[in-house]
file work_35.pdb (PDB, C-alpha atoms)
ATOM      1  CA  MET A   1       0.000   0.000   0.000  1.00  0.00           C
ATOM      2  CA  LYS A   2       1.038   3.572  -0.650  1.00  0.00           C
ATOM      3  CA  ARG A   3      -0.379   6.994   0.035  1.00  0.00           C
ATOM      4  CA  LEU A   4      -2.525   8.593  -2.656  1.00  0.00           C
ATOM      5  CA  ILE A   5      -0.385  11.725  -2.578  1.00  0.00           C
ATOM      6  CA  GLU A   6       2.563   9.652  -3.937  1.00  0.00           C
ATOM      7  CA  CYS A   7       0.600   8.261  -6.897  1.00  0.00           C
ATOM      8  CA  LYS A   8       0.605   9.225 -10.566  1.00  0.00           C
ATOM      9  CA  TYR A   9      -2.095  11.254 -12.263  1.00  0.00           C
ATOM     10  CA  ASN A  10      -4.896   9.867 -14.472  1.00  0.00           C
ATOM     11  CA  LYS A  11      -4.632   6.334 -13.127  1.00  0.00           C
ATOM     12  CA  PHE A  12      -7.243   4.572 -11.050  1.00  0.00           C
ATOM     13  CA  TYR A  13      -6.314   3.314  -7.608  1.00  0.00           C
ATOM     14  CA  THR A  14      -8.298   1.205  -5.171  1.00  0.00           C
ATOM     15  CA  LEU A  15      -8.829   2.782  -1.775  1.00  0.00           C
ATOM     16  CA  LYS A  16      -7.776   0.360   0.968  1.00  0.00           C
ATOM     17  CA  ALA A  17      -7.846   2.402   4.178  1.00  0.00           C
ATOM     18  CA  ILE A  18      -7.849   5.799   5.800  1.00  0.00           C
ATOM     19  CA  ASP A  19      -4.811   6.401   7.981  1.00  0.00           C
ATOM     20  CA  GLY A  20      -5.399   6.919  11.691  1.00  0.00           C
ATOM     21  CA  GLU A  21      -3.787  10.371  11.793  1.00  0.00           C
ATOM     22  CA  ILE A  22      -7.088  12.211  11.315  1.00  0.00           C
ATOM     23  CA  THR A  23      -9.811  13.127  13.759  1.00  0.00           C
ATOM     24  CA  PRO A  24     -12.904  10.929  14.110  1.00  0.00           C
ATOM     25  CA  LYS A  25     -15.043  13.809  12.798  1.00  0.00           C
ATOM     26  CA  LEU A  26     -13.001  14.058   9.573  1.00  0.00           C
ATOM     27  CA  ARG A  27     -12.969  10.264   9.170  1.00  0.00           C
ATOM     28  CA  ARG A  28     -16.770  10.227   9.406  1.00  0.00           C
ATOM     29  CA  ARG A  29     -17.025  13.027   6.833  1.00  0.00           C
ATOM     30  CA  LEU A  30     -14.796  11.102   4.392  1.00  0.00           C
ATOM     31  CA  LEU A  31     -16.951   8.005   4.831  1.00  0.00           C
ATOM     32  CA  ASP A  32     -20.070  10.094   4.168  1.00  0.00           C
ATOM     33  CA  LEU A  33     -18.471  11.395   0.948  1.00  0.00           C
ATOM     34  CA  GLY A  34     -17.924   7.816  -0.244  1.00  0.00           C
ATOM     35  CA  PHE A  35     -14.313   7.142   0.715  1.00  0.00           C
ATOM     36  CA  THR A  36     -14.945   3.522   1.636  1.00  0.00           C
ATOM     37  CA  SER A  37     -12.658   0.555   1.202  1.00  0.00           C
ATOM     38  CA  GLY A  38     -12.682  -0.816  -2.335  1.00  0.00           C
ATOM     39  CA  GLN A  39     -13.689   2.407  -4.112  1.00  0.00           C
ATOM     40  CA  ARG A  40     -11.795   3.485  -7.226  1.00  0.00           C
ATOM     41  CA  ILE A  41     -10.159   6.892  -6.979  1.00  0.00           C
ATOM     42  CA  LYS A  42      -8.181   8.958  -9.471  1.00  0.00           C
ATOM     43  CA  ILE A  43      -6.057  12.124  -9.207  1.00  0.00           C
ATOM     44  CA  LEU A  44      -7.086  14.500 -11.973  1.00  0.00           C
ATOM     45  CA  TYR A  45      -5.088  17.615 -11.095  1.00  0.00           C
ATOM     46  CA  ARG A  46      -2.752  19.127  -8.500  1.00  0.00           C
ATOM     47  CA  SER A  47      -2.485  22.862  -7.882  1.00  0.00           C
ATOM     48  CA  LEU A  48       0.767  24.651  -8.645  1.00  0.00           C
ATOM     49  CA  LEU A  49       1.789  24.836  -4.998  1.00  0.00           C
ATOM     50  CA  GLY A  50       0.679  21.237  -4.369  1.00  0.00           C
ATOM     51  CA  LYS A  51      -1.760  22.168  -1.619  1.00  0.00           C
ATOM     52  CA  THR A  52      -4.991  21.214  -3.404  1.00  0.00           C
ATOM     53  CA  TYR A  53      -5.880  18.079  -5.362  1.00  0.00           C
ATOM     54  CA  LEU A  54      -8.779  17.416  -7.706  1.00  0.00           C
ATOM     55  CA  LEU A  55     -10.007  13.832  -7.267  1.00  0.00           C
ATOM     56  CA  GLN A  56     -12.502  11.664  -9.097  1.00  0.00           C
ATOM     57  CA  LEU A  57     -14.449   9.277  -6.868  1.00  0.00           C
ATOM     58  CA  ARG A  58     -17.530   7.341  -7.940  1.00  0.00           C
ATOM     59  CA  ASP A  59     -19.458   9.655 -10.304  1.00  0.00           C
ATOM     60  CA  TYR A  60     -18.269  13.001  -8.998  1.00  0.00           C
ATOM     61  CA  THR A  61     -15.220  15.221  -8.756  1.00  0.00           C
ATOM     62  CA  LEU A  62     -14.071  16.940  -5.591  1.00  0.00           C
ATOM     63  CA  SER A  63     -11.245  19.100  -4.364  1.00  0.00           C
ATOM     64  CA  MET A  64      -9.237  18.208  -1.259  1.00  0.00           C
ATOM     65  CA  ARG A  65      -6.317  19.614   0.679  1.00  0.00           C
ATOM     66  CA  ASP A  66      -2.989  17.776   0.637  1.00  0.00           C
ATOM     67  CA  ARG A  67      -3.131  16.935   4.354  1.00  0.00           C
ATOM     68  CA  ILE A  68      -6.305  14.905   3.769  1.00  0.00           C
ATOM     69  CA  VAL A  69      -5.097  13.236   0.545  1.00  0.00           C
ATOM     70  CA  ARG A  70      -1.984  12.130   2.450  1.00  0.00           C
ATOM     71  CA  THR A  71      -4.133  10.003   4.788  1.00  0.00           C
ATOM     72  CA  LEU A  72      -5.657   7.871   1.990  1.00  0.00           C
ATOM     73  CA  LEU A  73      -3.937   4.510   1.487  1.00  0.00           C
ATOM     74  CA  VAL A  74      -4.377   2.909  -1.949  1.00  0.00           C
ATOM     75  CA  GLU A  75      -3.242   0.010  -4.139  1.00  0.00           C
ATOM     76  CA  GLY A  76      -3.128  -0.513  -7.879  1.00  0.00           C
ATOM     77  CA  GLY A  77      -2.547   1.993 -10.617  1.00  0.00           C
ATOM     78  CA  ASN A  78      -4.373   0.489 -13.561  1.00  0.00           C
ATOM     79  CA  ASP A  79      -5.839   2.603 -16.323  1.00  0.00           C
TER      80      ASP A  79
END

call {"tool": "encode", "arguments": {"input": "work_35.pdb", "output": "structure tokens"}}
result
Amino acid sequence: MKRLIECKYNKFYTLKAIDGEITPKLRRRLLDLGFTSGQRIKILYRSLLGKTYLLQLRDYTLSMRDRIVRTLLVEGGND
């Protein structure tokens, strides 16, 4: 497993876990957004300073800060 922040762009990864470094409130919010084990996730874009990421999850696109993306553990990298 590796962190999503270390992965390449425009490749699908399978979400395996959320790291324990975050608060329970944030973990619950991620689960509500659909960040559950087994979901396919893809990095579409990273801002110039690397602080914001644009992610594709399920049928929607969302923007997240780097500190949250760092907590997502993934496997794979298939197109």

call {"tool": "closest_residue", "arguments": {"input": "work_35.pdb", "among": "A:Gln39, A:Ser47, A:Thr71, A:Ser63", "to": "Glu21 (chain A)", "atoms": "all atoms listed in the file"}}
result
A:Thr71

call {"tool": "atom_distance", "arguments": {"input": "work_35.pdb", "atom1": "CA of Arg65 (chain A)", "atom2": "CA of Arg46 (chain A)"}}
result
9.9 Å

call {"tool": "resolve_selection", "arguments": {"input": "work_35.pdb", "expression": "the PyMOL selection byres ((chain A and resi 42) around 6)", "output": "list of chain:residue names"}}
result
A:Lys11, A:Phe12, A:Ile41, A:Ile43, A:Leu55, A:Gln56

call {"tool": "resolve_selection", "arguments": {"input": "work_35.pdb", "expression": "the PyMOL selection byres ((chain A and resi 20) around 12)", "output": "list in words"}}
result
Ala17, Ile18, Asp19, Glu21, Ile22, Thr23, Pro24, Lys25, Leu26, Arg27, Ile68, Arg70, Thr71, Leu72 and Leu73 of chain A

call {"tool": "closest_residue", "arguments": {"input": "work_35.pdb", "among": "A:Leu33, A:Val69, A:Tyr45, A:Arg58", "to": "Lys2 (chain A)", "atoms": "only C-alpha atoms"}}
result
A:Val69

call {"tool": "atom_distance", "arguments": {"input": "work_35.pdb", "atom1": "CA of Val74 (chain A)", "atom2": "CA of Arg29 (chain A)"}}
result
18.4 Å

call {"tool": "axis_aligned_box", "arguments": {"input": "work_35.pdb", "around": "region 73-78 of chain A", "padding_each_side": "6 Å", "output": "AutoDock Vina command-line options"}}
result
--center_x -3.5 --center_y 2.0 --center_z -6.0 --size_x 13.8 --size_y 17.0 --size_z 27.0

call {"tool": "atom_distance", "arguments": {"input": "work_35.pdb", "atom1": "CA of Leu48 (chain A)", "atom2": "CA of Leu30 (chain A)"}}
result
24.4 Å

call {"tool": "resolve_selection", "arguments": {"input": "work_35.pdb", "expression": "the PyMOL selection byres ((chain A and resi 51) around 6)", "output": "list of chain:residue names"}}
result
A:Leu49, A:Gly50, A:Thr52, A:Arg65, A:Asp66

call {"tool": "write_last_selection", "arguments": {"input": "work_35.pdb", "atoms": "C-alpha atoms", "output": "compact mmCIF listing (two decimals), in the coordinates of the input"}}
result
# COMPACT_ATOMS: atom_id res chain seq x y z
CA LEU A 49 1.79 24.84 -5.00
CA GLY A 50 0.68 21.24 -4.37
CA THR A 52 -4.99 21.21 -3.40
CA ARG A 65 -6.32 19.61 0.68
CA ASP A 66 -2.99 17.78 0.64

call {"tool": "residues_near_point", "arguments": {"input": "work_35.pdb", "point": "(-1.7, 7.8, -12.5)", "cutoff": "10 Å", "atoms": "only C-alpha atoms", "output": "PyMOL selection string"}}
result
chain A and resi 4+6-13+42-44+76-79

call {"tool": "closest_residue", "arguments": {"input": "work_35.pdb", "among": "A:Met1, A:Leu57, A:Leu62, A:Glu75", "to": "Phe35 (chain A)", "atoms": "only C-alpha atoms"}}
result
A:Leu57
